[in-house]
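Student: Here it is, the structure, as structure tokens.
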2 protein chains.
Amino acid sequence: MASEFAIIEQYFSDVGKAAENTLLGVGDDAAVVDLPAGQQLVVAMDTLIEGTHFPQNTSPADIAYKSLAVNLSDLAAMGAKPAWFLMSLTLDNDDPQWLSRFAEGLKETSNEYGLQLIGGDTCRGKLAISIQIAGHLPNGQFVTRQGANPGDIILVSGVLGNAALGLAQQQGNLELTPALRSHCVLALNRPRPRLELGPFLRQFASSAIDISDGLVGDLKHILKASACGARISLESLPVNQWIEQHGAWEYALGAGDDYEICCTLPAGLCGEVDNWNNANPDCRLTPIGEITESGYYLQDGDDMINLDQRQGYRHFA
Amino acid sequence: MASEFAIIEQYFSDVGKAAENTLLGVGDDAAVVDLPAGQQLVVAMDTLIEGTHFPQNTSPADIAYKSLAVNLSDLAAMGAKPAWFLMSLTLDNDDPQWLSRFAEGLKETSNEYGLQLIGGDTCRGKLAISIQIAGHLPNGQFVTRQGANPGDIILVSGVLGNAALGLAQQQGNLELTPALRSHCVLALNRPRPRLELGPFLRQFASSAIDISDGLVGDLKHILKASACGARISLESLPVNQWIEQHGAWEYALGAGDDYEICCTLPAGLCGEVDNWNNANPDCRLTPIGEITESGYYLQDGDDMINLDQRQGYRHFA
């Protein structure tokens, strides 16, 4: 087996473009970075484990992409711009072909999002990828889960449920049309972190979170942190036709992996949402409800379902 | 099983003292930190896996300590002062007693070294602890592996080989006296990252590395990065009496886990080393050889052993 040093040198010493603020990258005991003037550092860390976070047959490039995307999505929810990352890679073997394809995927994604790999380590064990990511934003402009206020509108970006449908398709639990299938599998394997929302969130949002565990559960984190309630409406949820036709709302409400952004805005800023949507047709924000004083409800026609009494995000339907 | 959120909230939401520069810690999508004026950020990441980096019967507090210590040692080798860390914890179960003892160990060590846990995640799988650590140092004063020059003296801190002896004792490969045994097992389980050397290294060292894989292999990283050679002398190595009496130099030369610092200094600064040693009897620096133009040799009496021809760090003797 190749040594840790050989693997890092061969595959991971030049992932991403050297940033102006990186003073020392891969290859020493630690990396050294500067923070641009007037900026604060935003840091997150997420681990993906084979069999838990992705199926065993996932392509190395898709694993590389997703490992970065889930971390980038955390930065997106804060309103930050990506800068660099560290990676701890646990490998069960060192198949050069797998490593090459993984490293290529990492480079492609790093270049796409303006990231640089500046350090980390490799270990032996079951395949796992731990990434610690860092980004910047202007002093004091970070967006948290705790600023929502009664009367705020609740918005989500993009379309909900596609990733979960893609997973169900891959697991053989349903059969989609070929076009919808490829669309949903892409949503599962290549979720788009909504970094483009950064400036909008920093300027207008009272709170934000990324939807990794499902809308109902993730919005609840905002409600808990902000000490508020919410009422959302089923018919307003942005979903694909299949979910609407089959009434399969559980994919949009309770399933994870969409990595869309859920945020809240003072109701007076509806015009800003319209402006955003006109300028950004690929990242539309859809109003799905409003923040209330207390309670957590889903309106389905004349029914009002109490979401606080539902157990767990997988068991909504 | 408890959810990720419940585990983080119960055990890991208040590890370490909130630092002045932490604007947002555990509990959001990401953490937000400031960098003190005039300082640069030093970051490293190391993963410890059960069975590979520590035996299965290691106490939770020792695992917590060592997970931080190996990362702190990377900061020490750069001359940095610790600030905060992120942790990705992979658990095979959630035994509350194990988690409590692990979290207590993490808190104790964080408080000792002035660190704060500001984020991370938990996963299901074989026990593994991935820590990403960050520290600060004054602009431009970081110490790397690449500044050694011919004529520089080579120094190591503390005593070499104790951790490896402790491991051999635990594995039943040798029998130490009770006093030496407890000393060496302590060196194995509670290595002291040499953070106190920071100001000295920043001011005087031309290069530095921490000894995690064994002196011969780690010094070689300095030689490669600095494009130099070295000659070290067996009789100058700081070792305990047992190693000296048994001529068991392989523990000092080739075995890892000591986490002492190996550094180089211009020869004219010998007086500074004496001053340091007089003021810091618990962290003495011992000259063990000098940097040369090329070649890598160990002098053993009249013999000159070519270290470039030795395979691997475990196979020195």
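Scheme for the structure tokens: letters A, B, ... for chains in order shown; per-chain residue numbers from 1; ligand numbers from 1 in order shown.
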Dump as a CSV table (one decimal) with N, CA and C atoms, in the first residue's frame the residues of chain A that approach chain B to within 7 Å, counting only C-alpha atoms.

Tutor:
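Writing the result to part_25.csv gives the following:
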```csv
chain,number,residue,atom,x,y,z
A,28,ASP,N,2.8,20.6,4.7
A,28,ASP,CA,3.5,20.9,6.0
A,28,ASP,C,2.7,20.4,7.2
A,29,ASP,N,3.1,20.7,8.4
A,29,ASP,CA,2.4,20.3,9.6
A,29,ASP,C,1.0,20.9,9.6
A,30,ALA,N,0.8,22.1,9.0
A,30,ALA,CA,-0.4,22.8,9.0
A,30,ALA,C,-0.4,23.8,7.9
A,31,ALA,N,-1.6,24.3,7.5
A,31,ALA,CA,-1.6,25.3,6.5
A,31,ALA,C,-1.8,26.7,7.2
A,32,VAL,N,-1.4,27.7,6.4
A,32,VAL,CA,-1.5,29.1,7.0
A,32,VAL,C,-2.3,29.9,6.0
A,33,VAL,N,-3.3,30.6,6.5
A,33,VAL,CA,-4.2,31.4,5.7
A,33,VAL,C,-4.4,32.8,6.3
A,34,ASP,N,-4.7,33.8,5.5
A,34,ASP,CA,-5.0,35.1,5.9
A,34,ASP,C,-6.5,35.3,5.7
A,40,GLN,N,-15.2,38.1,7.9
A,40,GLN,CA,-15.2,37.1,9.0
A,40,GLN,C,-15.1,35.7,8.4
A,41,LEU,N,-14.6,34.8,9.2
A,41,LEU,CA,-14.5,33.4,8.7
A,41,LEU,C,-15.7,32.6,9.1
A,42,VAL,N,-16.2,31.8,8.1
A,42,VAL,CA,-17.4,30.9,8.4
A,42,VAL,C,-16.9,29.5,8.2
A,43,VAL,N,-17.0,28.6,9.2
A,43,VAL,CA,-16.5,27.3,9.1
A,43,VAL,C,-17.5,26.2,9.4
A,44,ALA,N,-17.5,25.1,8.7
A,44,ALA,CA,-18.4,24.0,8.9
A,44,ALA,C,-17.6,22.7,8.6
A,45,MET,N,-18.2,21.6,9.1
A,45,MET,CA,-17.5,20.3,8.9
A,45,MET,C,-18.5,19.2,8.8
A,46,ASP,N,-18.5,18.4,7.7
A,46,ASP,CA,-19.4,17.3,7.5
A,46,ASP,C,-18.7,16.1,7.0
A,47,THR,N,-19.1,14.9,7.5
A,47,THR,CA,-18.5,13.7,7.1
A,47,THR,C,-19.5,12.9,6.3
A,74,ASP,N,-23.8,24.4,3.7
A,74,ASP,CA,-23.8,25.0,5.0
A,74,ASP,C,-23.3,26.5,4.9
A,75,LEU,N,-22.3,26.7,4.1
A,75,LEU,CA,-21.8,28.1,3.8
A,75,LEU,C,-22.9,28.9,3.2
A,77,ALA,N,-26.1,28.6,3.5
A,77,ALA,CA,-27.1,29.0,4.5
A,77,ALA,C,-26.7,30.2,5.4
A,78,MET,N,-25.4,30.4,5.5
A,78,MET,CA,-24.9,31.5,6.3
A,78,MET,C,-24.7,32.8,5.5
A,86,LEU,N,-10.2,21.6,4.2
A,86,LEU,CA,-9.3,20.5,4.7
A,86,LEU,C,-10.1,19.2,4.5
A,88,SER,N,-10.1,14.9,5.5
A,88,SER,CA,-9.5,13.7,6.1
A,88,SER,C,-10.2,12.6,5.3
A,119,GLY,N,-5.1,21.2,3.2
A,119,GLY,CA,-4.5,20.3,4.1
A,119,GLY,C,-5.4,19.1,4.5
A,120,GLY,N,-5.0,18.3,5.4
A,120,GLY,CA,-5.8,17.2,5.8
A,120,GLY,C,-4.9,15.9,6.0
A,121,ASP,N,-5.5,14.8,6.0
A,121,ASP,CA,-4.8,13.5,6.2
A,121,ASP,C,-5.5,12.4,5.5
A,144,THR,N,-28.1,33.6,10.6
A,144,THR,CA,-28.3,32.4,11.5
A,144,THR,C,-29.7,31.9,11.5
A,145,ARG,N,-29.9,30.9,12.3
A,145,ARG,CA,-31.2,30.3,12.5
A,145,ARG,C,-32.1,31.1,13.4
A,209,ILE,N,-31.5,28.4,6.8
A,209,ILE,CA,-31.0,27.0,7.1
A,209,ILE,C,-30.9,26.3,5.7
```

Student: I need the residues in stretch 29-161 of chain B that are alpha helix (DSSP H) according to DSSP; give them as a PDB file with C-alpha atoms, in the first residue's frame.

Tutor:
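Saved the output as out-v2.pdb:
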```pdb
ATOM      1  CA  PRO B  60     -12.708   7.689  26.468  1.00  0.00           C
ATOM      2  CA  ALA B  61     -10.825  10.494  28.237  1.00  0.00           C
ATOM      3  CA  ASP B  62      -7.500   9.318  26.788  1.00  0.00           C
ATOM      4  CA  ILE B  63      -9.037   9.124  23.292  1.00  0.00           C
ATOM      5  CA  ALA B  64     -10.390  12.662  23.673  1.00  0.00           C
ATOM      6  CA  TYR B  65      -7.035  13.895  24.937  1.00  0.00           C
ATOM      7  CA  LYS B  66      -5.011  12.260  22.181  1.00  0.00           C
ATOM      8  CA  SER B  67      -7.378  13.385  19.409  1.00  0.00           C
ATOM      9  CA  LEU B  68      -6.716  16.967  20.442  1.00  0.00           C
ATOM     10  CA  ALA B  69      -3.036  16.458  21.295  1.00  0.00           C
ATOM     11  CA  VAL B  70      -1.989  15.198  17.846  1.00  0.00           C
ATOM     12  CA  ASN B  71      -3.644  18.241  16.297  1.00  0.00           C
ATOM     13  CA  LEU B  72      -2.200  20.633  18.882  1.00  0.00           C
ATOM     14  CA  SER B  73       1.220  19.191  18.104  1.00  0.00           C
ATOM     15  CA  ASP B  74       0.814  20.277  14.464  1.00  0.00           C
ATOM     16  CA  LEU B  75       0.106  23.813  15.659  1.00  0.00           C
ATOM     17  CA  ALA B  76       3.133  23.628  17.970  1.00  0.00           C
ATOM     18  CA  ALA B  77       5.392  22.714  15.038  1.00  0.00           C
ATOM     19  CA  MET B  78       4.248  25.855  13.202  1.00  0.00           C
ATOM     20  CA  PRO B  96     -24.181   7.659  27.566  1.00  0.00           C
ATOM     21  CA  GLN B  97     -21.381   6.706  29.951  1.00  0.00           C
ATOM     22  CA  TRP B  98     -18.812   6.593  27.155  1.00  0.00           C
ATOM     23  CA  LEU B  99     -20.090   9.875  25.695  1.00  0.00           C
ATOM     24  CA  SER B 100     -20.007  11.618  29.080  1.00  0.00           C
ATOM     25  CA  ARG B 101     -16.466  10.504  29.790  1.00  0.00           C
ATOM     26  CA  PHE B 102     -15.325  11.414  26.271  1.00  0.00           C
ATOM     27  CA  ALA B 103     -16.946  14.859  26.520  1.00  0.00           C
ATOM     28  CA  GLU B 104     -15.407  15.413  29.964  1.00  0.00           C
ATOM     29  CA  GLY B 105     -11.966  14.577  28.584  1.00  0.00           C
ATOM     30  CA  LEU B 106     -12.530  16.922  25.679  1.00  0.00           C
ATOM     31  CA  LYS B 107     -13.578  19.739  28.024  1.00  0.00           C
ATOM     32  CA  GLU B 108     -10.623  19.221  30.344  1.00  0.00           C
ATOM     33  CA  THR B 109      -8.140  19.263  27.475  1.00  0.00           C
ATOM     34  CA  SER B 110      -9.854  22.194  25.758  1.00  0.00           C
ATOM     35  CA  ASN B 111      -9.691  24.236  28.934  1.00  0.00           C
ATOM     36  CA  GLU B 112      -6.062  23.282  29.520  1.00  0.00           C
ATOM     37  CA  TYR B 113      -5.017  24.487  26.071  1.00  0.00           C
TER      38      TYR B 113
END
```

Student: For A:Glu260, which residue among A:Leu188, A:Leu115, A:Phe204, A:Lys81 is the nearest when counting only C-alpha atoms?

Tutor: A:Leu188

Student: Neighbours of stretch 181-184 of chain A within 10 Å (only C-alpha atoms; same-chain residues fewer than 6 positions away dropped), as number ranges by chain?

Tutor: A: 161-170, 175, 190-191, 240

Student: Point out the residue among B:Gly217, B:Pro55, B:Gly295, B:Pro199 with the least atom-to-atom distance to B:Cys262, counting only C-alpha atoms.

Tutor: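 For B:Cys262, the nearest of the candidates is B:Gly217.
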
Student: When DSSP is applied to the backbone of this structure, which of stretch 26-258 of chain A are assigned strand (DSSP E or B)? Write them out as a count of residues only.

Tutor: 61

Student: Could you state the separation of atom CA of A:Gly247 and atom CA of A:Leu176 in Å, given to one decimal place?

Tutor: 14.8 Å

Student: Env of A:Ala267: 10 Å cut, atoms = only C-alpha atoms, seq-sep filter 4 positions within chain, self excluded. Answer as number ranges by chain.

Tutor: A: 149-154, 271, 290-291
